[in-house]
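S.K.: Below you'll find target.tsv; it's TSV, C-alpha atoms.
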```tsv
chain	number	residue	atom	x	y	z
A	1	MET	CA	79.03	77.97	-20.68
A	2	GLY	CA	76.28	79.41	-22.83
A	3	SER	CA	76.43	82.01	-25.58
A	4	SER	CA	78.48	85.13	-25.09
A	5	SER	CA	75.61	87.61	-25.21
A	6	LYS	CA	75.34	89.30	-21.84
A	7	GLU	CA	72.02	89.62	-20.02
A	8	GLU	CA	70.91	92.99	-18.67
A	9	THR	CA	71.32	92.12	-15.00
A	10	ALA	CA	72.52	95.25	-13.22
A	11	SER	CA	70.02	96.42	-10.65
A	12	ASP	CA	69.06	100.05	-10.15
A	13	GLY	CA	72.02	102.16	-9.15
A	14	ASP	CA	74.55	99.47	-10.11
A	15	THR	CA	77.04	99.74	-12.91
A	16	ALA	CA	77.82	96.86	-15.23
A	17	SER	CA	81.16	96.52	-13.50
A	18	GLY	CA	79.50	95.88	-10.16
A	19	GLY	CA	80.20	99.21	-8.49
A	20	ALA	CA	83.89	99.24	-9.40
A	21	SER	CA	85.72	102.54	-8.96
A	22	PRO	CA	88.19	103.48	-11.72
A	23	SER	CA	91.86	103.90	-10.96
A	24	ASP	CA	93.76	107.02	-11.98
A	25	ASP	CA	94.31	105.63	-15.46
A	26	GLY	CA	90.71	104.48	-15.87
A	27	ARG	CA	91.18	100.78	-15.21
A	28	LEU	CA	88.34	99.17	-13.26
A	29	PHE	CA	90.13	95.87	-12.58
A	30	SER	CA	93.75	94.91	-12.06
A	31	GLU	CA	95.94	91.95	-12.98
A	32	GLY	CA	95.54	89.03	-10.59
A	33	GLU	CA	92.19	90.31	-9.28
A	34	ARG	CA	89.44	87.76	-8.65
A	35	VAL	CA	86.22	88.83	-10.36
A	36	LEU	CA	82.84	87.59	-11.57
A	37	ALA	CA	82.40	87.46	-15.35
A	38	TYR	CA	79.30	87.26	-17.53
A	39	HIS	CA	79.33	84.48	-20.11
A	40	GLY	CA	75.97	83.99	-21.73
A	41	PRO	CA	73.08	84.18	-19.25
A	42	ARG	CA	75.24	83.17	-16.29
A	43	VAL	CA	78.01	84.65	-14.17
A	44	TYR	CA	81.19	82.68	-13.47
A	45	GLY	CA	84.09	83.10	-11.09
A	46	ALA	CA	87.14	84.34	-12.97
A	47	LYS	CA	90.57	85.89	-12.57
A	48	VAL	CA	92.05	88.81	-14.50
A	49	GLN	CA	95.38	87.72	-15.98
A	50	LYS	CA	96.23	90.64	-18.27
A	51	VAL	CA	95.09	94.23	-18.75
A	52	GLU	CA	95.67	96.20	-21.95
A	53	LEU	CA	94.51	99.49	-23.39
A	54	ARG	CA	93.12	98.82	-26.87
A	55	LYS	CA	91.64	101.53	-29.05
A	56	LYS	CA	91.19	103.82	-26.05
A	57	GLU	CA	89.31	101.12	-24.10
A	58	TRP	CA	90.65	98.89	-21.33
A	59	LYS	CA	90.41	95.19	-22.10
A	60	TYR	CA	90.82	92.37	-19.60
A	61	PHE	CA	92.09	88.87	-20.31
A	62	VAL	CA	90.22	86.53	-17.95
A	63	HIS	CA	90.50	82.90	-16.98
A	64	TYR	CA	87.25	81.22	-15.88
A	65	LEU	CA	88.00	79.38	-12.63
A	66	GLY	CA	87.47	75.65	-12.98
A	67	TRP	CA	87.30	75.79	-16.78
A	68	ASN	CA	89.85	74.81	-19.41
A	69	LYS	CA	92.20	77.62	-20.41
A	70	ASN	CA	90.78	77.35	-23.95
A	71	TRP	CA	87.90	79.44	-22.61
A	72	ASP	CA	90.23	82.28	-21.60
A	73	GLU	CA	89.30	85.45	-23.46
A	74	TRP	CA	89.60	89.22	-23.71
A	75	VAL	CA	86.53	91.06	-22.41
A	76	SER	CA	85.51	94.64	-21.78
A	77	ALA	CA	84.61	96.05	-18.37
A	78	ASP	CA	80.86	95.62	-18.95
A	79	ARG	CA	81.33	91.84	-18.80
A	80	LEU	CA	82.89	91.95	-15.31
A	81	LEU	CA	81.71	92.42	-11.74
A	82	LYS	CA	83.63	92.99	-8.54
A	83	HIS	CA	83.85	89.89	-6.34
A	84	THR	CA	81.57	91.11	-3.53
A	85	GLU	CA	78.88	89.49	-1.40
A	86	GLU	CA	76.18	91.49	-3.18
A	87	ASN	CA	77.34	90.34	-6.62
A	88	LEU	CA	77.62	86.74	-5.39
A	89	VAL	CA	73.94	86.97	-4.46
A	90	LYS	CA	73.19	88.10	-8.01
A	91	GLN	CA	75.20	85.17	-9.35
A	92	LYS	CA	73.05	82.78	-7.31
A	93	ALA	CA	69.89	84.45	-8.64
A	94	LEU	CA	70.98	83.79	-12.21
A	95	ASP	CA	71.94	80.20	-11.34
A	96	MET	CA	68.50	79.68	-9.83
A	97	LYS	CA	66.82	81.16	-12.90
A	98	GLN	CA	68.80	78.99	-15.30
A	99	GLY	CA	68.02	75.86	-13.29
A	100	VAL	CA	64.30	76.57	-13.53
A	101	GLU	CA	64.51	77.29	-17.25
A	102	LYS	CA	66.30	73.99	-17.78
A	103	GLY	CA	63.51	72.11	-16.01
A	104	THR	CA	60.84	74.05	-17.90
A	105	LYS	CA	62.36	73.44	-21.30
A	106	SER	CA	62.76	69.71	-20.64
A	107	GLY	CA	58.99	69.38	-20.38
A	108	ARG	CA	58.12	71.11	-23.66
A	109	SER	CA	56.87	69.44	-26.81
A	110	ALA	CA	59.15	67.55	-29.16
A	111	GLN	CA	59.09	70.54	-31.48
A	112	THR	CA	61.35	72.33	-29.01
A	113	LYS	CA	64.89	71.06	-28.87
A	114	THR	CA	65.66	69.52	-25.49
A	115	ARG	CA	69.10	69.78	-23.94
A	116	SER	CA	71.17	66.61	-23.74
A	117	SER	CA	74.82	66.18	-22.93
A	118	ALA	CA	75.51	66.27	-26.66
A	119	ASP	CA	73.55	69.52	-26.97
A	120	THR	CA	75.55	71.03	-24.14
A	121	LYS	CA	78.83	70.04	-25.79
A	122	ALA	CA	77.66	71.41	-29.12
A	123	GLU	CA	76.59	74.64	-27.41
A	124	LYS	CA	80.04	74.99	-25.87
A	125	ASP	CA	81.70	74.34	-29.22
A	126	ASP	CA	79.46	76.87	-30.97
A	127	THR	CA	80.15	79.45	-28.30
A	128	LYS	CA	83.88	78.92	-28.58
A	129	ASN	CA	83.78	79.28	-32.36
A	130	ASN	CA	81.63	82.39	-32.19
A	131	ALA	CA	83.91	83.92	-29.60
A	132	SER	CA	86.96	83.33	-31.74
A	133	LYS	CA	85.26	85.10	-34.63
A	134	GLY	CA	84.37	88.05	-32.44
A	135	LYS	CA	80.64	87.51	-32.79
A	136	LYS	CA	79.75	88.75	-29.31
A	137	ARG	CA	76.79	91.03	-28.88
A	138	LYS	CA	74.96	92.63	-26.02
A	139	ASN	CA	71.39	91.65	-25.31
A	140	GLU	CA	69.06	94.64	-25.66
A	141	SER	CA	66.52	94.62	-22.88
A	142	GLY	CA	62.93	94.26	-24.02
A	143	ASN	CA	63.69	93.22	-27.60
A	144	GLU	CA	63.10	89.50	-27.13
A	145	LYS	CA	59.51	88.38	-27.50
A	146	ASP	CA	59.99	85.38	-25.22
A	147	ASN	CA	61.25	87.49	-22.35
A	148	VAL	CA	58.88	89.43	-20.13
A	149	SER	CA	59.79	92.39	-17.95
A	150	ALA	CA	60.38	91.05	-14.45
A	151	GLU	CA	58.75	94.15	-12.95
A	152	LYS	CA	55.45	93.05	-14.53
A	153	LEU	CA	55.78	89.42	-13.52
A	154	ILE	CA	57.32	89.32	-10.08
A	155	LYS	CA	54.51	89.23	-7.56
A	156	ILE	CA	54.85	86.95	-4.58
A	157	GLN	CA	51.64	87.08	-2.58
A	158	ILE	CA	52.64	86.33	1.01
A	159	PRO	CA	49.65	84.96	3.01
A	160	ALA	CA	48.21	87.35	5.61
A	161	THR	CA	49.23	85.16	8.55
A	162	LEU	CA	52.84	85.15	7.36
A	163	ARG	CA	52.79	88.91	6.79
A	164	LYS	CA	51.66	89.29	10.40
A	165	GLN	CA	54.54	87.05	11.45
A	166	LEU	CA	56.98	89.35	9.63
A	167	ILE	CA	55.57	92.34	11.51
A	168	ASP	CA	55.76	90.52	14.84
A	169	ASP	CA	59.32	89.50	14.02
A	170	TRP	CA	60.28	93.13	13.37
A	171	GLU	CA	58.62	94.31	16.60
A	172	CYS	CA	60.37	91.67	18.71
A	173	ILE	CA	63.79	92.67	17.42
A	174	MET	CA	63.53	96.39	16.78
A	175	GLN	CA	61.12	97.46	19.55
A	176	LYS	CA	61.43	94.80	22.25
A	177	ASP	CA	65.20	94.36	21.87
A	178	LYS	CA	64.98	90.59	21.41
A	179	VAL	CA	66.73	88.20	19.02
A	180	LEU	CA	66.05	84.66	17.93
A	181	LYS	CA	67.72	81.88	19.86
A	182	LEU	CA	70.10	80.01	17.59
A	183	PRO	CA	70.37	77.46	16.19
A	184	ARG	CA	66.72	77.28	15.14
A	185	SER	CA	64.86	74.02	14.87
A	186	PRO	CA	63.74	73.23	12.30
A	187	ASN	CA	66.33	75.16	10.33
A	188	VAL	CA	66.02	76.27	6.70
A	189	ASP	CA	67.67	73.09	5.40
A	190	GLU	CA	65.22	70.94	7.34
A	191	ILE	CA	62.20	72.97	6.21
A	192	LEU	CA	63.21	72.65	2.57
A	193	SER	CA	63.79	68.91	3.02
A	194	LYS	CA	60.35	68.48	4.62
A	195	TYR	CA	58.72	70.26	1.68
A	196	LEU	CA	60.71	68.17	-0.80
A	197	GLU	CA	59.61	64.99	0.98
A	198	LEU	CA	55.98	66.12	0.98
A	199	LYS	CA	55.99	66.95	-2.74
A	200	THR	CA	57.65	63.64	-3.59
A	201	LYS	CA	55.02	61.67	-1.68
A	202	LYS	CA	52.15	63.73	-3.07
A	203	ASP	CA	53.19	63.80	-6.73
A	204	GLY	CA	54.88	60.41	-6.86
A	205	MET	CA	57.85	61.91	-8.66
A	206	LEU	CA	59.51	65.30	-8.44
A	207	THR	CA	60.09	67.48	-11.50
A	208	ASP	CA	63.59	68.77	-12.09
A	209	SER	CA	62.42	72.37	-11.87
A	210	VAL	CA	61.05	72.01	-8.31
A	211	GLY	CA	64.30	70.45	-7.13
A	212	GLU	CA	66.31	73.21	-8.79
A	213	ILE	CA	64.16	75.91	-7.19
A	214	LEU	CA	64.59	74.44	-3.71
A	215	LYS	CA	68.33	74.12	-4.25
A	216	GLY	CA	68.36	77.72	-5.45
A	217	ILE	CA	66.44	78.93	-2.39
A	218	ARG	CA	68.99	77.28	-0.09
A	219	CYS	CA	71.98	78.74	-1.94
A	220	TYR	CA	70.28	82.10	-2.25
A	221	PHE	CA	69.49	82.16	1.47
A	222	ASP	CA	73.08	81.37	2.44
A	223	LYS	CA	74.41	84.21	0.29
A	224	ALA	CA	71.70	86.77	1.00
A	225	LEU	CA	71.42	86.37	4.76
A	226	PRO	CA	74.51	88.35	5.88
A	227	VAL	CA	73.95	90.99	3.20
A	228	LEU	CA	70.19	91.56	3.15
A	229	LEU	CA	68.30	89.58	5.77
A	230	LEU	CA	69.71	90.70	9.12
A	231	TYR	CA	68.68	93.63	11.27
A	232	LYS	CA	71.58	95.60	12.70
A	233	LYS	CA	70.96	94.16	16.15
A	234	GLU	CA	71.43	90.64	14.78
A	235	ARG	CA	74.84	91.09	13.16
A	236	ARG	CA	76.89	90.36	16.25
A	237	GLN	CA	74.92	87.18	16.85
A	238	TYR	CA	75.53	86.14	13.23
A	239	GLN	CA	79.29	86.57	13.62
A	240	GLU	CA	79.23	84.35	16.69
A	241	ALA	CA	76.87	81.68	15.32
A	242	VAL	CA	78.09	81.29	11.74
A	243	VAL	CA	81.77	80.40	11.90
A	244	ASP	CA	84.17	78.29	9.85
A	245	ASP	CA	82.26	76.44	7.10
A	246	ILE	CA	78.85	76.51	8.77
A	247	SER	CA	76.01	77.37	6.36
A	248	PRO	CA	73.44	79.91	7.57
A	249	SER	CA	70.70	77.57	6.34
A	250	THR	CA	71.69	75.09	9.07
A	251	VAL	CA	71.52	77.76	11.80
A	252	TYR	CA	68.58	80.03	10.94
A	253	GLY	CA	64.94	79.09	10.52
A	254	ALA	CA	61.61	80.12	9.03
A	255	GLU	CA	61.72	83.66	10.43
A	256	HIS	CA	64.69	84.65	8.29
A	257	LEU	CA	63.49	82.51	5.38
A	258	LEU	CA	60.32	84.62	5.23
A	259	ARG	CA	62.47	87.76	5.05
A	260	LEU	CA	64.09	86.30	1.93
A	261	PHE	CA	60.68	86.03	0.24
A	262	VAL	CA	60.10	89.73	0.92
A	263	LYS	CA	63.38	90.50	-0.86
A	264	LEU	CA	62.95	88.10	-3.80
A	265	PRO	CA	60.94	90.49	-6.04
A	266	GLU	CA	63.65	93.12	-5.64
A	267	LEU	CA	66.43	90.62	-6.27
A	268	PHE	CA	64.74	89.16	-9.35
A	269	SER	CA	63.91	92.58	-10.78
A	270	TYR	CA	67.12	92.67	-12.81
A	271	VAL	CA	66.58	89.22	-14.36
A	272	ASN	CA	64.71	88.75	-17.63
A	273	MET	CA	63.11	85.35	-18.01
A	274	GLU	CA	60.53	83.66	-20.15
A	275	GLU	CA	56.96	83.96	-18.93
A	276	GLU	CA	56.57	80.19	-18.74
A	277	THR	CA	59.73	79.93	-16.65
A	278	TRP	CA	58.60	82.58	-14.20
A	279	SER	CA	55.08	81.10	-13.95
A	280	ARG	CA	56.51	77.75	-12.91
A	281	MET	CA	58.85	79.35	-10.39
A	282	GLN	CA	56.08	81.54	-8.99
A	283	GLN	CA	53.77	78.55	-8.59
A	284	THR	CA	56.40	76.66	-6.59
A	285	LEU	CA	57.24	79.66	-4.39
A	286	LEU	CA	53.58	80.27	-3.55
A	287	ASP	CA	53.03	76.59	-2.80
A	288	PHE	CA	56.06	76.62	-0.52
A	289	LEU	CA	54.69	79.63	1.39
A	290	LYS	CA	51.40	77.78	1.89
A	291	PHE	CA	53.41	74.88	3.26
A	292	ILE	CA	55.03	77.17	5.82
A	293	GLN	CA	51.62	78.62	6.68
A	294	LYS	CA	50.17	75.15	7.35
A	295	ASN	CA	53.09	74.40	9.66
A	296	LEU	CA	53.04	77.78	11.38
A	297	SER	CA	52.85	76.37	14.91
A	298	THR	CA	55.89	74.17	14.27
A	299	PHE	CA	58.15	76.49	12.25
A	300	LEU	CA	57.40	79.85	13.90
A	301	LEU	CA	57.28	80.08	17.69
A	302	SER	CA	57.02	83.19	19.86
A	303	SER	CA	59.12	81.36	22.46
A	304	ALA	CA	62.01	81.32	19.99
A	305	TYR	CA	62.86	84.92	20.94
A	306	ASP	CA	64.92	85.96	23.94
A	307	ASP	CA	66.43	89.18	25.28
A	308	SER	CA	69.40	90.17	23.16
A	309	ASP	CA	71.73	90.52	26.15
A	310	LYS	CA	70.95	86.98	27.32
A	311	VAL	CA	71.61	85.53	23.87
A	312	SER	CA	74.85	87.50	23.58
A	313	ASP	CA	75.98	86.15	26.95
A	314	GLY	CA	75.29	82.68	25.57
A	315	LYS	CA	77.44	83.49	22.50
A	316	GLY	CA	74.49	83.21	20.13
A	317	LYS	CA	73.65	79.62	21.08
A	318	GLY	CA	70.66	80.18	23.32
A	319	LYS	CA	68.72	76.95	23.05
A	320	GLU	CA	65.48	76.34	24.85
A	321	ASP	CA	65.80	74.31	28.04
```
What do you get writing this file as structure tokens?
M.R.:
Amino acid sequence: MGSSSKEETASDGDTASGGASPSDDGRLFSEGERVLAYHGPRVYGAKVQKVELRKKEWKYFVHYLGWNKNWDEWVSADRLLKHTEENLVKQKALDMKQGVEKGTKSGRSAQTKTRSSADTKAEKDDTKNNASKGKKRKNESGNEKDNVSAEKLIKIQIPATLRKQLIDDWECIMQKDKVLKLPRSPNVDEILSKYLELKTKKDGMLTDSVGEILKGIRCYFDKALPVLLLYKKERRQYQEAVVDDISPSTVYGAEHLLRLFVKLPELFSYVNMEEETWSRMQQTLLDFLKFIQKNLSTFLLSSAYDDSDKVSDGKGKGKED
């Protein structure tokens, strides 16, 4: 885990406690409740073990799932989020951001300290010592010179041909009452793998940051799809097609992946990141969109749509003959 200073990551209209409603006595979380907890710049799965009222403020004793109990600590409500699909998407956004930063920092000059396993251990030890001394502080948005407001930075220029595809996609579903036949081929996993293979062949070797971004896109897609990327008419099909442990990225294709890119600026708007970090991420995202554009005839087919009633009769598995 990193330092204990919490990032300003609540989006517009959200509370720091992830939309939690207070109980009659003012508690936002209860004993035994599974939550998400800020620790440094990341969010971890946690469980509330104790709740106490201290100096007129509710405090929560949390255990970070998968971590040694030595990391257990008392936190206030502003360090916690409800365990919801929306907040899980935010968690993935922060994971993706941190992965890119790690790759960016590893390529800096020797004057900048690179992170090794020893550095990570030392960071954990420092964090633990600081926590025990009560040296936690909140990060004040806009006060760090290295961080740039995401609203100024986040601009993903989607090529005109792909914007047209998004419009056609909307018309097919919302006006023509069609849905995509699932599973799509190639699916999101396969598209990302093809891009990874292309970059590896072209560059000879792949930087850590590119790999982290692609991994983040896949995880982000799987979490965001049921929450943000489906039209109402597609929800029934999703429930039929994505069952058990199936990942949406193995079922859906480029059409829904493009919808994610429309949402990314909004989803990243609550994340502060260094300008160099965002520039590298932005460059990769734009290059990936160009890759989809070049393969438009393979990834995006008008024949992939069918009448919604036919697909429903086929239980969401309407493959082409």
S.K.: Could you jot down the atom CA of Arg42 of chain A to atom CA of Leu65 of chain A separation for me, Å, one decimal place?
M.R.: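 Straight-line distance from atom CA of Arg42 of chain A to atom CA of Leu65 of chain A works out to 13.8 Å.
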S.K.: Go through A:Thr298, A:Ser185, A:Thr84, A:Ser308 and flag the residue nearest Glu234 of chain A, using all atoms listed in the file for the distances.
M.R.: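 Residue with the minimum atom-to-atom distance to Glu234 of chain A: A:Ser308.
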S.K.: Quick one: residues within 6 Å of (82.0, 90.6, -22.1) (file frame), counting all atoms listed in the file, please, as a VMD selection string.
M.R.: chain A and resid 75 to 76 79
S.K.: What lies within 7 Å of Gly45 of chain A using only C-alpha atoms, ignoring chain neighbours under 5 positions off, as a PDB file with C-alpha atoms, in the frame of the given file?
M.R.:
```
ATOM      1  CA  VAL A  35      86.220  88.830 -10.360  1.00  0.00           C
ATOM      2  CA  LEU A  36      82.840  87.590 -11.570  1.00  0.00           C
ATOM      3  CA  ALA A  37      82.400  87.460 -15.350  1.00  0.00           C
ATOM      4  CA  TYR A  64      87.250  81.220 -15.880  1.00  0.00           C
ATOM      5  CA  LEU A  65      88.000  79.380 -12.630  1.00  0.00           C
TER       6      LEU A  65
END
```
S.K.: Could you jot down the atom CA of Cys172 of chain A to atom CA of Pro265 of chain A separation for me, Å, one decimal place?
M.R.: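 One can read the atom CA of Cys172 of chain A to atom CA of Pro265 of chain A distance as 24.8 Å.
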S.K.: Work out how far atom CA of Leu225 of chain A is from atom CA of Gln239 of chain A, in Å to one decimal.
M.R.: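 Atom-to-atom, atom CA of Gln239 of chain A and atom CA of Leu225 of chain A are spaced 11.9 Å apart.
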S.K.: Please tell me which residues are no farther than 12 Å from (61.8, 69.9, 8.2) in the file, counting all atoms listed in the file, and write them as a list in words.
M.R.: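 Collected hits near the coordinates: Arg184, Ser185, Pro186, Asn187, Val188, Asp189, Glu190, Ile191, Leu192, Ser193, Lys194, Tyr195, Leu196, Glu197, Leu198, Ser249, Thr250, Gly253, Ala254, Phe291, Ile292, Asn295, Thr298 and Phe299 of chain A.
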S.K.: With all atoms listed in the file as the basis for distance, which of A:Leu180, A:Ala224, A:Leu257, A:Leu267 is at the shortest distance from Asp309 of chain A?
M.R.: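 Closest residue, counting all atoms listed in the file: A:Leu180.
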S.K.: Which residue is closest to Glu31 of chain A? Choose from A:Lys202, A:Lys69, A:Lys164, A:His63 and count only C-alpha atoms.
M.R.: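 Selected residue with least distance to Glu31 of chain A: A:His63.
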S.K.: Taking the partial coordinates given, rebuild segment 295-305 of chain A to contain all heavy atoms; return it as a CSV table (one decimal), in the frame of the given file.
M.R.:
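File written: selection.csv
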```csv
chain,number,residue,atom,x,y,z
A,295,ASN,N,52.2,74.9,8.6
A,295,ASN,CA,53.1,74.4,9.7
A,295,ASN,C,53.5,75.5,10.6
A,295,ASN,O,54.6,75.5,11.2
A,295,ASN,CB,54.3,73.7,9.1
A,295,ASN,CG,53.9,72.4,8.4
A,295,ASN,OD1,53.8,71.3,9.0
A,295,ASN,ND2,53.8,72.5,7.1
A,296,LEU,N,52.7,76.6,10.6
A,296,LEU,CA,53.0,77.8,11.4
A,296,LEU,C,53.4,77.5,12.8
A,296,LEU,O,54.4,78.0,13.4
A,296,LEU,CB,51.9,78.8,11.3
A,296,LEU,CG,52.2,80.2,11.7
A,296,LEU,CD1,53.1,80.8,10.7
A,296,LEU,CD2,50.9,81.0,11.7
A,297,SER,N,52.6,76.6,13.5
A,297,SER,CA,52.8,76.4,14.9
A,297,SER,C,54.1,75.6,15.2
A,297,SER,O,54.6,75.6,16.3
A,297,SER,CB,51.7,75.6,15.5
A,297,SER,OG,51.5,74.3,14.8
A,298,THR,N,54.7,74.9,14.1
A,298,THR,CA,55.9,74.2,14.3
A,298,THR,C,57.1,75.0,13.9
A,298,THR,O,58.2,74.9,14.5
A,298,THR,CB,55.8,72.9,13.4
A,298,THR,OG1,54.7,72.1,13.8
A,298,THR,CG2,57.1,72.1,13.6
A,299,PHE,N,57.0,75.8,12.8
A,299,PHE,CA,58.2,76.5,12.2
A,299,PHE,C,58.4,77.8,12.9
A,299,PHE,O,59.5,78.3,13.0
A,299,PHE,CB,57.9,76.7,10.7
A,299,PHE,CG,57.9,75.5,9.9
A,299,PHE,CD1,57.4,75.5,8.6
A,299,PHE,CD2,58.4,74.3,10.4
A,299,PHE,CE1,57.4,74.3,7.9
A,299,PHE,CE2,58.4,73.1,9.7
A,299,PHE,CZ,57.9,73.1,8.4
A,300,LEU,N,57.3,78.5,13.4
A,300,LEU,CA,57.4,79.8,13.9
A,300,LEU,C,56.8,79.9,15.3
A,300,LEU,O,55.6,79.8,15.5
A,300,LEU,CB,56.7,80.8,13.0
A,300,LEU,CG,57.2,80.9,11.5
A,300,LEU,CD1,56.1,81.4,10.6
A,300,LEU,CD2,58.4,81.7,11.5
A,301,LEU,N,57.7,80.1,16.3
A,301,LEU,CA,57.3,80.1,17.7
A,301,LEU,C,57.7,81.4,18.4
A,301,LEU,O,58.8,81.9,18.2
A,301,LEU,CB,58.0,78.9,18.4
A,301,LEU,CG,57.7,77.5,17.9
A,301,LEU,CD1,58.6,76.5,18.6
A,301,LEU,CD2,56.3,77.1,18.0
A,302,SER,N,56.7,82.0,19.1
A,302,SER,CA,57.0,83.2,19.9
A,302,SER,C,58.1,82.9,20.9
A,302,SER,O,58.8,83.8,21.3
A,302,SER,CB,55.7,83.7,20.5
A,302,SER,OG,55.2,82.8,21.4
A,303,SER,N,58.1,81.7,21.4
A,303,SER,CA,59.1,81.4,22.5
A,303,SER,C,60.5,81.3,21.9
A,303,SER,O,61.5,81.1,22.7
A,303,SER,CB,58.7,80.0,23.1
A,303,SER,OG,58.7,79.0,22.2
A,304,ALA,N,60.7,81.4,20.6
A,304,ALA,CA,62.0,81.3,20.0
A,304,ALA,C,62.8,82.6,20.2
A,304,ALA,O,64.0,82.6,19.9
A,304,ALA,CB,61.9,81.0,18.5
A,305,TYR,N,62.2,83.7,20.7
A,305,TYR,CA,62.9,84.9,20.9
A,305,TYR,C,63.3,85.0,22.4
A,305,TYR,O,62.7,84.5,23.3
A,305,TYR,CB,61.9,86.1,20.6
A,305,TYR,CG,61.6,86.2,19.1
A,305,TYR,CD1,60.5,85.5,18.6
A,305,TYR,CD2,62.3,87.0,18.3
A,305,TYR,CE1,60.1,85.6,17.3
A,305,TYR,CE2,62.0,87.1,16.9
A,305,TYR,CZ,60.9,86.3,16.4
A,305,TYR,OH,60.5,86.4,15.1
```
